[in-house]
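Accompanying notes for the structure given below.
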Amino acid sequence: MDIEALLQVMKSRRHNGRVKADPIPDAHIRKMVEAASWAPSGNNAQPWEFIVVKSAETKTKLREILEGPARPGASHVPAVDPPAIIVVCGDTRFKETYPESVNRQEVFYSSLAAAIQNMHLAATALGLATGWGTIREAGMEPLRKLLDIPDAVEIVALVRAGYPQEVPAPKPRRAVEDAMHFDRYDRARLRDVKQAIESYGKGWGRL
Ligand SMILES: Cc1cc2nc3c(=O)[nH]c(=O)nc-3n(C[C@H](O)[C@H](O)[C@H](O)COP(=O)(O)O)c2cc1C
């Protein structure tokens, strides 16, 4: 085990929409899904399903759904279709396997986010660039139809993967100590969200 090597992979991961159209090996996609499968999940229910979209025709339709009407702050849709788009879904029926005393939504989405992050990290270690894509609410039903996703299965995010055209500079991070509290919440350090929205706005492109 090598914490520095692990941190290096974590710190090298960039949200990067600028990928080449060149195909990526299926073995890489499989590794990403293998990494996802080792994520923790509530009650080990592993509610995830991964739809790997590689067909040019489906990607074109997907792009039409994702782009929707232009609006400020819309998620960035890359100019070049990436060679693989992995649509990450969760089978909502598995929420029933969690204890009734907890917020099941929270456990469900946390499990899926852990899986998604593992995919990004595996891709980074394989030299791939990835993007984390949120789907507009209005795009959900058209996407469900396009990919024939059953009603019980919810679409959670897209993971776009390809070889990087260029690697963007890392985005700044809060100082480690800034987010740490000891024994109790230090209310003096409650952050100013209004000021944050004023300084970098709503959307995905912060700094
Ligand atoms: C849950 C989640 C949803 C995101 N959705 C989008 C998105 O729809 N479009 C986008 O451009 N970036 C999206 N991002 C990426 C963030 O903007 C990005 O992670 C952040 O700006 C930090 O940059 P970095 O990942 O390169 O360090 C999302 C990230 C997360 C964790």
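To be explicit about the labels: the chains of the structure tokens are called A, B, and onward in the order shown, and within each one the residues are counted from 1, while ligands get numbers from 1 in the order they are shown.
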If DSSP is run on the backbone, what residues of region 31-172 of chain A are helix (DSSP H, G or I)? A reply as an mmCIF file with C-alpha atoms, in the first residue's frame would be ideal.
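As a result, part.cif now contains:
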```
data_model
loop_
_atom_site.group_PDB
_atom_site.id
_atom_site.type_symbol
_atom_site.label_atom_id
_atom_site.label_comp_id
_atom_site.auth_asym_id
_atom_site.auth_seq_id
_atom_site.Cartn_x
_atom_site.Cartn_y
_atom_site.Cartn_z
ATOM 1 C CA LYS A 31 -11.465 -1.969 -15.431
ATOM 2 C CA MET A 32 -13.457 1.172 -14.675
ATOM 3 C CA VAL A 33 -16.549 -0.918 -13.989
ATOM 4 C CA GLU A 34 -14.481 -3.371 -11.964
ATOM 5 C CA ALA A 35 -13.282 -0.444 -9.843
ATOM 6 C CA ALA A 36 -16.888 0.697 -9.440
ATOM 7 C CA SER A 37 -17.935 -2.738 -8.305
ATOM 8 C CA GLY A 42 -25.554 0.500 1.537
ATOM 9 C CA ASN A 43 -26.225 -3.062 2.734
ATOM 10 C CA ASN A 44 -23.823 -4.111 -0.030
ATOM 11 C CA ALA A 56 -22.014 6.790 -32.976
ATOM 12 C CA GLU A 57 -25.736 6.832 -33.684
ATOM 13 C CA THR A 58 -26.702 6.509 -30.023
ATOM 14 C CA LYS A 59 -24.116 9.109 -29.009
ATOM 15 C CA THR A 60 -25.597 11.580 -31.498
ATOM 16 C CA LYS A 61 -29.070 11.049 -30.060
ATOM 17 C CA LEU A 62 -27.673 11.289 -26.556
ATOM 18 C CA ARG A 63 -26.029 14.580 -27.401
ATOM 19 C CA GLU A 64 -29.316 15.965 -28.756
ATOM 20 C CA ILE A 65 -31.034 15.018 -25.507
ATOM 21 C CA LEU A 66 -28.263 16.436 -23.328
ATOM 22 C CA GLU A 67 -27.820 19.720 -25.112
ATOM 23 C CA THR A 92 -34.231 2.042 -6.952
ATOM 24 C CA ARG A 93 -35.897 -1.168 -5.724
ATOM 25 C CA PHE A 94 -32.761 -1.932 -3.771
ATOM 26 C CA LYS A 95 -33.464 1.000 -1.447
ATOM 27 C CA GLU A 96 -35.823 -1.412 0.263
ATOM 28 C CA THR A 97 -32.873 -3.418 1.472
ATOM 29 C CA ARG A 104 -32.750 5.723 1.972
ATOM 30 C CA GLN A 105 -32.318 8.277 -0.813
ATOM 31 C CA GLU A 106 -29.122 9.442 0.795
ATOM 32 C CA VAL A 107 -27.737 5.920 1.123
ATOM 33 C CA PHE A 108 -28.706 5.136 -2.480
ATOM 34 C CA TYR A 109 -27.045 8.179 -4.035
ATOM 35 C CA SER A 110 -24.014 7.956 -1.762
ATOM 36 C CA SER A 111 -23.466 4.366 -2.897
ATOM 37 C CA LEU A 112 -23.697 5.377 -6.538
ATOM 38 C CA ALA A 113 -21.394 8.359 -6.057
ATOM 39 C CA ALA A 114 -18.793 6.097 -4.466
ATOM 40 C CA ALA A 115 -18.978 3.810 -7.507
ATOM 41 C CA ILE A 116 -18.726 6.733 -9.919
ATOM 42 C CA GLN A 117 -15.689 8.145 -8.152
ATOM 43 C CA ASN A 118 -13.978 4.755 -8.323
ATOM 44 C CA MET A 119 -14.557 4.789 -12.085
ATOM 45 C CA HIS A 120 -12.968 8.209 -12.462
ATOM 46 C CA LEU A 121 -9.964 7.163 -10.414
ATOM 47 C CA ALA A 122 -9.477 3.922 -12.334
ATOM 48 C CA ALA A 123 -9.695 5.870 -15.610
ATOM 49 C CA THR A 124 -7.112 8.356 -14.342
ATOM 50 C CA ALA A 125 -4.735 5.519 -13.481
ATOM 51 C CA GLU A 137 -34.379 16.817 -15.441
ATOM 52 C CA ALA A 138 -36.002 17.393 -18.831
ATOM 53 C CA GLY A 139 -33.535 14.975 -20.412
ATOM 54 C CA MET A 140 -34.293 12.061 -18.113
ATOM 55 C CA GLU A 141 -37.342 10.616 -19.855
ATOM 56 C CA PRO A 142 -35.974 10.951 -23.416
ATOM 57 C CA LEU A 143 -32.761 9.291 -22.236
ATOM 58 C CA ARG A 144 -34.720 6.499 -20.553
ATOM 59 C CA LYS A 145 -36.565 5.875 -23.815
ATOM 60 C CA LEU A 146 -33.413 6.015 -25.926
ATOM 61 C CA LEU A 147 -31.627 3.437 -23.781
#
```
Hey, which bits of chain A sit within 12 Å of ligand 1, and for each residue what's the closest pair of atoms and how far apart in Å (one decimal), counting only C-alpha atoms and all ligand atoms, rows by chain and increasing number, as a Markdown table?
```
| residue | atom | partner | partner_atom_place_in_ligand_line | distance |
| --- | --- | --- | --- | --- |
| A:Val9 | CA | ligand 1 | 27 (O) | 11.9 |
| A:Met10 | CA | ligand 1 | 27 (O) | 9.3 |
| A:Lys11 | CA | ligand 1 | 27 (O) | 7.9 |
| A:Ser12 | CA | ligand 1 | 27 (O) | 8.6 |
| A:Arg13 | CA | ligand 1 | 26 (O) | 6.6 |
| A:Arg14 | CA | ligand 1 | 26 (O) | 3.6 |
| A:His15 | CA | ligand 1 | 26 (O) | 3.7 |
| A:Asn16 | CA | ligand 1 | 26 (O) | 6.5 |
| A:Gly17 | CA | ligand 1 | 11 (O) | 7.4 |
| A:Arg18 | CA | ligand 1 | 11 (O) | 10.8 |
| A:Leu66 | CA | ligand 1 | 8 (O) | 9.8 |
| A:Glu67 | CA | ligand 1 | 8 (O) | 11.1 |
| A:Gly73 | CA | ligand 1 | 9 (N) | 9.2 |
| A:Ala74 | CA | ligand 1 | 9 (N) | 7.7 |
| A:Ser75 | CA | ligand 1 | 9 (N) | 4.1 |
| A:His76 | CA | ligand 1 | 11 (O) | 4.6 |
| A:Val77 | CA | ligand 1 | 11 (O) | 7.3 |
| A:Pro78 | CA | ligand 1 | 11 (O) | 8.8 |
| A:Val88 | CA | ligand 1 | 1 (C) | 11.9 |
| A:Tyr109 | CA | ligand 1 | 1 (C) | 9.7 |
| A:Ser110 | CA | ligand 1 | 1 (C) | 10.1 |
| A:Leu112 | CA | ligand 1 | 1 (C) | 10.1 |
| A:Ala113 | CA | ligand 1 | 1 (C) | 7.3 |
| A:Ala114 | CA | ligand 1 | 31 (C) | 10.2 |
| A:Ala115 | CA | ligand 1 | 31 (C) | 11.8 |
| A:Ile116 | CA | ligand 1 | 31 (C) | 9.0 |
| A:Gln117 | CA | ligand 1 | 31 (C) | 8.2 |
| A:His120 | CA | ligand 1 | 25 (O) | 9.5 |
| A:Leu121 | CA | ligand 1 | 25 (O) | 10.9 |
| A:Thr124 | CA | ligand 1 | 25 (O) | 11.5 |
| A:Ala129 | CA | ligand 1 | 26 (O) | 10.1 |
| A:Thr130 | CA | ligand 1 | 25 (O) | 9.1 |
| A:Gly131 | CA | ligand 1 | 12 (N) | 6.6 |
| A:Trp132 | CA | ligand 1 | 14 (N) | 4.9 |
| A:Gly133 | CA | ligand 1 | 8 (O) | 3.8 |
| A:Thr134 | CA | ligand 1 | 8 (O) | 3.6 |
| A:Ile135 | CA | ligand 1 | 8 (O) | 6.5 |
| A:Arg136 | CA | ligand 1 | 8 (O) | 8.3 |
| A:Glu137 | CA | ligand 1 | 8 (O) | 11.5 |
| A:Val156 | CA | ligand 1 | 1 (C) | 9.0 |
| A:Ala157 | CA | ligand 1 | 3 (C) | 7.4 |
| A:Leu158 | CA | ligand 1 | 8 (O) | 8.3 |
| A:Val159 | CA | ligand 1 | 5 (N) | 9.6 |
| A:Arg160 | CA | ligand 1 | 9 (N) | 10.5 |
| A:Val167 | CA | ligand 1 | 26 (O) | 9.7 |
| A:Pro168 | CA | ligand 1 | 26 (O) | 7.8 |
| A:Ala169 | CA | ligand 1 | 26 (O) | 8.2 |
| A:Pro170 | CA | ligand 1 | 27 (O) | 6.1 |
| A:Lys171 | CA | ligand 1 | 27 (O) | 5.3 |
| A:Pro172 | CA | ligand 1 | 27 (O) | 7.7 |
| A:Arg173 | CA | ligand 1 | 27 (O) | 8.1 |
| A:Arg174 | CA | ligand 1 | 22 (C) | 11.5 |
| A:Tyr200 | CA | ligand 1 | 21 (O) | 11.1 |
| A:Lys202 | CA | ligand 1 | 17 (O) | 10.4 |
| A:Gly203 | CA | ligand 1 | 17 (O) | 7.6 |
| A:Trp204 | CA | ligand 1 | 17 (O) | 4.1 |
| A:Gly205 | CA | ligand 1 | 21 (O) | 5.8 |
| A:Arg206 | CA | ligand 1 | 21 (O) | 5.6 |
| A:Leu207 | CA | ligand 1 | 21 (O) | 7.7 |
```
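Of note, CA of Glu166 (chain A) and CA of Ala27 (chain A) are spaced 22.8 Å apart.
Atom pair CA of Ile29 (chain A) / CA of Tyr98 (chain A): separated by 29.4 Å.
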